[in-house]
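A.B. asks: My file is run-v7.cif. It has mmCIF, C-alpha atoms; chains and numbers go by the auth columns:
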data_coords
#
loop_
_atom_site.group_PDB
_atom_site.id
_atom_site.type_symbol
_atom_site.label_atom_id
_atom_site.label_comp_id
_atom_site.label_asym_id
_atom_site.label_seq_id
_atom_site.Cartn_x
_atom_site.Cartn_y
_atom_site.Cartn_z
_atom_site.B_iso_or_equiv
_atom_site.auth_seq_id
_atom_site.auth_asym_id
ATOM 1 C CA MET A 1 50.605 98.379 33.959 0.00 271 A
ATOM 2 C CA GLU A 2 49.053 95.488 32.099 0.00 272 A
ATOM 3 C CA ILE A 3 49.108 91.722 31.812 0.00 273 A
ATOM 4 C CA LYS A 4 49.629 90.446 28.308 0.00 274 A
ATOM 5 C CA LYS A 5 50.418 86.846 27.443 0.00 275 A
ATOM 6 C CA ASP A 6 50.437 84.838 24.247 0.00 276 A
ATOM 7 C CA LEU A 7 48.844 81.462 24.973 0.00 277 A
ATOM 8 C CA MET A 8 50.227 79.918 21.758 0.00 278 A
ATOM 9 C CA ARG A 9 53.733 79.388 23.053 0.00 279 A
ATOM 10 C CA ASN A 10 56.003 76.937 21.286 0.00 280 A
ATOM 11 C CA GLU A 11 56.293 73.375 22.491 0.00 281 A
ATOM 12 C CA LYS A 12 59.416 71.313 23.053 0.00 282 A
ATOM 13 C CA LYS A 13 61.135 69.823 20.050 0.00 283 A
ATOM 14 C CA SER A 14 60.243 66.186 19.534 0.00 284 A
ATOM 15 C CA TYR A 15 62.559 64.031 17.487 0.00 285 A
ATOM 16 C CA LEU A 16 60.051 61.176 17.485 0.00 286 A
ATOM 17 C CA ARG A 17 57.371 63.410 16.017 0.00 287 A
ATOM 18 C CA LEU A 18 59.844 64.753 13.471 0.00 288 A
ATOM 19 C CA ALA A 19 60.766 61.191 12.466 0.00 289 A
ATOM 20 C CA ILE A 20 57.079 60.273 12.129 0.00 290 A
ATOM 21 C CA GLY A 21 56.566 63.344 9.948 0.00 291 A
ATOM 22 C CA ILE A 22 59.459 62.401 7.680 0.00 292 A
ATOM 23 C CA ILE A 23 58.164 58.829 7.385 0.00 293 A
ATOM 24 C CA PHE A 24 54.692 60.105 6.483 0.00 294 A
ATOM 25 C CA PHE A 25 56.350 62.371 3.943 0.00 295 A
ATOM 26 C CA ILE A 26 58.378 59.551 2.322 0.00 296 A
ATOM 27 C CA ILE A 27 55.737 56.750 2.192 0.00 297 A
ATOM 28 C CA PRO A 28 53.594 58.277 -0.597 0.00 298 A
ATOM 29 C CA PHE A 29 56.647 58.868 -2.801 0.00 299 A
ATOM 30 C CA PHE A 30 57.641 55.242 -2.320 0.00 300 A
ATOM 31 C CA LEU A 31 54.160 53.991 -3.229 0.00 301 A
ATOM 32 C CA ILE A 32 53.986 56.177 -6.359 0.00 302 A
ATOM 33 C CA ILE A 33 57.444 54.978 -7.478 0.00 303 A
ATOM 34 C CA VAL A 34 56.395 51.337 -6.973 0.00 304 A
ATOM 35 C CA LYS A 35 53.244 51.910 -9.068 0.00 305 A
ATOM 36 C CA ILE A 36 55.263 53.558 -11.857 0.00 306 A
ATOM 37 C CA ARG A 37 57.856 50.742 -11.892 0.00 307 A
ATOM 38 C CA GLN A 38 55.116 48.134 -12.140 0.00 308 A
ATOM 39 C CA GLY A 39 53.669 50.018 -15.081 0.00 309 A
ATOM 40 C CA GLN A 40 50.309 50.512 -13.369 0.00 310 A
ATOM 41 C CA GLU A 41 48.141 53.545 -13.799 0.00 311 A
ATOM 42 C CA ILE A 42 48.011 55.819 -10.768 0.00 312 A
ATOM 43 C CA SER A 43 44.373 56.299 -9.838 0.00 313 A
ATOM 44 C CA LEU A 44 42.698 59.256 -8.234 0.00 314 A
ATOM 45 C CA PHE A 45 42.640 57.342 -4.932 0.00 315 A
ATOM 46 C CA TYR A 46 46.434 57.166 -4.884 0.00 316 A
ATOM 47 C CA TRP A 47 46.776 60.887 -5.631 0.00 317 A
ATOM 48 C CA LEU A 48 44.416 61.709 -2.742 0.00 318 A
ATOM 49 C CA TYR A 49 46.316 59.247 -0.572 0.00 319 A
ATOM 50 C CA PHE A 50 49.550 60.940 -1.631 0.00 320 A
ATOM 51 C CA VAL A 51 48.262 64.421 -0.732 0.00 321 A
ATOM 52 C CA LEU A 52 46.823 63.353 2.642 0.00 322 A
ATOM 53 C CA PHE A 53 50.020 61.604 3.674 0.00 323 A
ATOM 54 C CA MET A 54 52.079 64.610 2.567 0.00 324 A
ATOM 55 C CA LEU A 55 49.941 67.005 4.610 0.00 325 A
ATOM 56 C CA ASN A 56 50.108 64.689 7.604 0.00 326 A
ATOM 57 C CA GLY A 57 53.885 64.510 7.246 0.00 327 A
ATOM 58 C CA ILE A 58 54.191 68.278 7.010 0.00 328 A
ATOM 59 C CA THR A 59 52.072 68.882 10.121 0.00 329 A
ATOM 60 C CA HIS A 60 53.976 66.285 12.150 0.00 330 A
ATOM 61 C CA SER A 61 57.296 67.740 10.992 0.00 331 A
ATOM 62 C CA ILE A 62 56.273 71.268 11.942 0.00 332 A
ATOM 63 C CA ALA A 63 55.136 70.058 15.357 0.00 333 A
ATOM 64 C CA GLY A 64 58.373 68.083 15.717 0.00 334 A
ATOM 65 C CA PHE A 65 60.343 71.304 15.343 0.00 335 A
ATOM 66 C CA GLY A 66 58.367 72.744 18.282 0.00 336 A
ATOM 67 C CA TYR A 67 55.913 74.989 16.442 0.00 337 A
ATOM 68 C CA ARG A 68 52.169 74.824 16.963 0.00 338 A
ATOM 69 C CA ILE A 69 49.923 74.223 13.962 0.00 339 A
ATOM 70 C CA GLU A 70 47.117 76.251 15.559 0.00 340 A
ATOM 71 C CA VAL A 71 49.130 79.436 14.933 0.00 341 A
ATOM 72 C CA LEU A 72 48.103 79.165 11.284 0.00 342 A
ATOM 73 C CA PHE A 73 44.428 79.532 12.275 0.00 343 A
ATOM 74 C CA GLY A 74 44.633 82.429 14.725 0.00 344 A
ATOM 75 C CA LYS A 75 45.965 83.777 17.993 0.00 345 A
ATOM 76 C CA ALA A 76 45.254 82.923 21.609 0.00 346 A
ATOM 77 C CA PHE A 77 45.993 85.565 24.229 0.00 347 A
ATOM 78 C CA ILE A 78 45.063 87.309 27.454 0.00 348 A
ATOM 79 C CA LEU A 79 45.207 91.086 27.774 0.00 349 A
ATOM 80 C CA ILE A 80 44.230 92.848 30.972 0.00 350 A
ATOM 81 C CA ASN A 81 44.939 96.530 31.427 0.00 351 A
ATOM 82 C CA LYS A 82 43.309 99.568 33.063 0.00 352 A
ATOM 83 C CA GLU A 83 40.833 99.918 30.170 0.00 353 A
ATOM 84 C CA LYS A 84 39.638 96.395 29.371 0.00 354 A
ATOM 85 C CA ILE A 85 39.821 92.663 29.929 0.00 355 A
ATOM 86 C CA SER A 86 40.272 90.748 26.695 0.00 356 A
ATOM 87 C CA MET A 87 40.764 87.030 26.230 0.00 357 A
ATOM 88 C CA LYS A 88 40.896 84.502 23.429 0.00 358 A
ATOM 89 C CA ALA A 89 41.692 81.103 24.958 0.00 359 A
ATOM 90 C CA LYS A 90 42.017 79.093 21.749 0.00 360 A
ATOM 91 C CA ALA A 91 42.844 79.927 18.150 0.00 361 A
ATOM 92 C CA LEU A 92 39.411 79.090 16.750 0.00 362 A
ATOM 93 C CA GLU A 93 37.362 80.693 19.532 0.00 363 A
ATOM 94 C CA LYS A 94 35.878 84.159 19.434 0.00 364 A
ATOM 95 C CA GLU A 95 37.639 86.950 21.293 0.00 365 A
ATOM 96 C CA GLN A 96 35.857 88.127 24.449 0.00 366 A
ATOM 97 C CA THR A 97 36.349 91.726 25.552 0.00 367 A
ATOM 98 C CA VAL A 98 34.794 93.753 28.323 0.00 368 A
ATOM 99 C CA PHE A 99 35.652 97.313 29.317 0.00 369 A
ATOM 100 C CA TRP A 100 36.065 98.208 32.984 0.00 370 A
ATOM 101 C CA SER A 101 33.413 100.903 32.631 0.00 371 A
ATOM 102 C CA GLU A 102 30.848 98.176 31.805 0.00 372 A
ATOM 103 C CA ILE A 103 31.664 95.952 34.801 0.00 373 A
ATOM 104 C CA GLN A 104 29.442 95.854 37.872 0.00 374 A
ATOM 105 C CA LYS A 105 30.784 92.799 39.741 0.00 375 A
ATOM 106 C CA ILE A 106 33.449 90.095 39.263 0.00 376 A
ATOM 107 C CA ASN A 107 33.325 86.541 40.667 0.00 377 A
ATOM 108 C CA TYR A 108 35.812 83.686 40.403 0.00 378 A
ATOM 109 C CA ASN A 109 34.479 80.121 40.705 0.00 379 A
ATOM 110 C CA LEU A 110 36.112 76.859 39.597 0.00 380 A
ATOM 111 C CA ASN A 111 38.556 78.257 37.002 0.00 381 A
ATOM 112 C CA LYS A 112 35.905 80.580 35.599 0.00 382 A
ATOM 113 C CA LEU A 113 35.987 84.348 35.847 0.00 383 A
ATOM 114 C CA GLN A 114 32.400 85.594 35.770 0.00 384 A
ATOM 115 C CA ILE A 115 31.959 89.255 34.969 0.00 385 A
ATOM 116 C CA HIS A 116 28.554 90.783 35.635 0.00 386 A
ATOM 117 C CA LYS A 117 28.056 93.789 33.421 0.00 387 A
ATOM 118 C CA THR A 118 25.949 96.887 34.062 0.00 388 A
ATOM 119 C CA ASP A 119 23.417 95.802 31.409 0.00 389 A
ATOM 120 C CA ASP A 120 22.601 92.660 33.494 0.00 390 A
ATOM 121 C CA THR A 121 24.516 90.259 31.233 0.00 391 A
ATOM 122 C CA THR A 122 27.233 87.904 32.387 0.00 392 A
ATOM 123 C CA LEU A 123 30.461 87.206 30.549 0.00 393 A
ATOM 124 C CA THR A 124 32.438 84.100 31.517 0.00 394 A
ATOM 125 C CA PHE A 125 36.168 83.677 30.919 0.00 395 A
ATOM 126 C CA ASN A 126 37.343 80.075 31.192 0.00 396 A
ATOM 127 C CA LEU A 127 40.793 79.979 32.829 0.00 397 A
ATOM 128 C CA SER A 128 41.187 76.190 32.999 0.00 398 A
ATOM 129 C CA GLU A 129 43.817 76.152 30.216 0.00 399 A
ATOM 130 C CA ILE A 130 46.101 78.550 32.115 0.00 400 A
ATOM 131 C CA ASP A 131 48.786 77.469 34.581 0.00 401 A
ATOM 132 C CA TYR A 132 48.262 78.074 38.293 0.00 402 A
ATOM 133 C CA ALA A 133 50.906 80.781 38.846 0.00 403 A
ATOM 134 C CA PHE A 134 49.690 82.908 35.953 0.00 404 A
ATOM 135 C CA LYS A 135 46.090 82.430 37.105 0.00 405 A
ATOM 136 C CA ASN A 136 47.009 83.862 40.510 0.00 406 A
ATOM 137 C CA GLU A 137 48.780 86.798 38.853 0.00 407 A
ATOM 138 C CA ILE A 138 45.635 87.505 36.828 0.00 408 A
ATOM 139 C CA LYS A 139 43.424 87.349 39.923 0.00 409 A
ATOM 140 C CA GLU A 140 45.691 89.719 41.891 0.00 410 A
ATOM 141 C CA PHE A 141 45.852 92.229 39.045 0.00 411 A
ATOM 142 C CA ILE A 142 42.083 92.151 38.520 0.00 412 A
ATOM 143 C CA LYS A 143 41.523 92.569 42.252 0.00 413 A
ATOM 144 C CA SER A 144 43.807 95.631 42.390 0.00 414 A
ATOM 145 C CA VAL A 145 42.212 97.301 39.353 0.00 415 A
ATOM 146 C CA ALA A 146 38.719 96.471 40.633 0.00 416 A
ATOM 147 C CA THR A 147 39.372 98.099 44.018 0.00 417 A
ATOM 148 C CA GLU A 148 40.841 101.122 42.234 0.00 418 A
ATOM 149 C CA LYS A 149 37.701 101.442 40.073 0.00 419 A
ATOM 150 C CA HIS A 150 35.311 100.655 42.981 0.00 420 A
ATOM 151 C CA ILE A 151 34.061 97.358 41.517 0.00 421 A
ATOM 152 C CA ILE A 152 33.004 94.438 43.712 0.00 422 A
ATOM 153 C CA ALA A 153 35.462 91.554 43.150 0.00 423 A
ATOM 154 C CA THR A 154 35.325 88.212 44.964 0.00 424 A
ATOM 155 C CA LEU A 155 38.375 86.359 43.769 0.00 425 A
#
Show this structure as structure tokens.
C.D. replies:
Amino acid sequence: MEIKKDLMRNEKKSYLRLAIGIIFFIIPFFLIIVKIRQGQEISLFYWLYFVLFMLNGITHSIAGFGYRIEVLFGKAFILINKEKISMKAKALEKEQTVFWSEIQKINYNLNKLQIHKTDDTTLTFNLSEIDYAFKNEIKEFIKSVATEKHIIATL
């Protein structure tokens, strides 16, 4: 048995955010067309402006459809099984992994899971981003595996 959850779940669709994305996508085209009609030269500033507004429009549109932009930069997950505890809370954070054979003691204080390893180092998993029900499921599973492996766990 294991606990495995992807923390990068999709959000709700937002028509307001989609509309904002489309507006940000259309504005630079409108400004470029106005400049061309007036016979003015389009400067480097306007091209950068054009690109930034386009990127902003694309990101808002993607988020409006319910997808998370952070997925492009990495994964966020929790994996707890009989061999290891592995967690990556945010896409740009480093993955933290500890094997059960390296664990001496486990404490839980204020949404933080502190794991004391046999080499006298401490690894801290921040669980503040996780909903309450899933946090309790994690604590119960860790407590059961810890008692099975004769590890001190105060959860």
A.B. asks: Compile the contact shell of Tyr319 (chain A) as number ranges by chain: residues with an atom at most 12 Å away, counting only C-alpha atoms, same-chain residues fewer than 6 positions apart removed.
C.D. replies: A: 294-295, 297-299, 301-302, 312-313, 325-326
A.B. asks: Skip Tyr378 (chain A) itself and residues of its chain fewer than 4 positions away, then list as a list of chain:residue names all residues within 7 Å of it, counting only C-alpha atoms.
C.D. replies: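 My reading of the contact set: A:Lys382, A:Leu383, A:Gln384, A:Thr424, A:Leu425.
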A.B. asks: With C-alpha atoms retained, could you export that selection as a JSON list (two decimals), in the coordinates of the input?
C.D. replies:
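Result file out21.json:
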[["chain", "number", "residue", "atom", "x", "y", "z"],
["A", 382, "LYS", "CA", 35.90, 80.58, 35.60],
["A", 383, "LEU", "CA", 35.99, 84.35, 35.85],
["A", 384, "GLN", "CA", 32.40, 85.59, 35.77],
["A", 424, "THR", "CA", 35.33, 88.21, 44.96],
["A", 425, "LEU", "CA", 38.38, 86.36, 43.77]]
A.B. asks: Convert the output of the PyMOL selection byres ((chain A and resi 361) around 6) on the shown file into explicit residues, formatted as a VMD selection string.
C.D. replies: chain A and resid 344 to 346 360 362 to 363
A.B. asks: Decode the PyMOL selection byres ((chain A and resi 352) around 8) for the given file into explicit residues and return them as a count of residues only.
C.D. replies: 8
A.B. asks: Could you work out how far CA of Thr329 (chain A) lies from CA of Glu281 (chain A), giving the answer in Å with one decimal?
C.D. replies: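 Between CA of Glu281 (chain A) and CA of Thr329 (chain A) the gap is 13.8 Å.
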A.B. asks: I need the output of the PyMOL selection byres ((chain A and resi 417-423) around 7) for this file as a list in words; which residues are they?
C.D. replies: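 Given this file, the PyMOL selection byres ((chain A and resi 417-423) around 7) evaluates to Gln374, Lys375, Ile376, Asn377, Lys413, Ser414, Val415, Ala416, Thr424 and Leu425 of chain A.
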A.B. asks: Could you please determine the separation between CA of Ile373 (chain A) and CA of Asp389 (chain A) in Å, to one decimal place?
C.D. replies: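 If I compute the distance from CA of Ile373 (chain A) to CA of Asp389 (chain A), I get 8.9 Å.
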A.B. asks: Between A:Met357, A:Leu288, A:Ala333, A:Ile306, which residue has the minimum interatomic distance to Asp276 (chain A), considering only C-alpha atoms?
C.D. replies: A:Met357
A.B. asks: Rank A:Gly309, A:Ala359, A:Lys274, A:His330 by their smallest atom-to-atom distance to Ile400 (chain A), using all atoms listed in the file, and report the top residue only.
C.D. replies: A:Ala359
A.B. asks: What's the separation between CA of Ile328 (chain A) and CA of Gly291 (chain A), in Å to one decimal place?
C.D. replies: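 The value is 6.2 Å.
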A.B. asks: Here is a test: counting only C-alpha atoms, which residue of A:Asn379, A:Asn280, A:Thr388, A:Thr367 is nearest to Tyr337 (chain A)?
C.D. replies: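 The shortest atom-to-atom distance to Tyr337 (chain A) comes from A:Asn280.
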A.B. asks: Residues near Leu286 (chain A), anyone? I mean within 10 Å using only C-alpha atoms, not counting same-chain ones fewer than 3 positions away, as an NGL selection string.
C.D. replies: :A and (283 or 289-292 or 330-331 or 334)
A.B. asks: Counting only C-alpha atoms, figure out which residue out of A:Gly327, A:Gln310, A:Phe335, A:Ile296 gets nearest to Ser284 (chain A).
C.D. replies: A:Phe335
A.B. asks: Counting all atoms listed in the file, which of A:Arg287, A:Arg307, A:Lys405, A:Arg338 gets nearest to Ile273 (chain A)?
C.D. replies: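 Smallest separation from Ile273 (chain A) among the options: A:Lys405.
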A.B. asks: Rank A:Lys275, A:Lys387, A:Gln308, A:Lys358 by their smallest atom-to-atom distance to Glu407 (chain A), using all atoms listed in the file, and report the top residue only.
C.D. replies: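 Of the candidates, the smallest distance to Glu407 (chain A) is held by A:Lys275.
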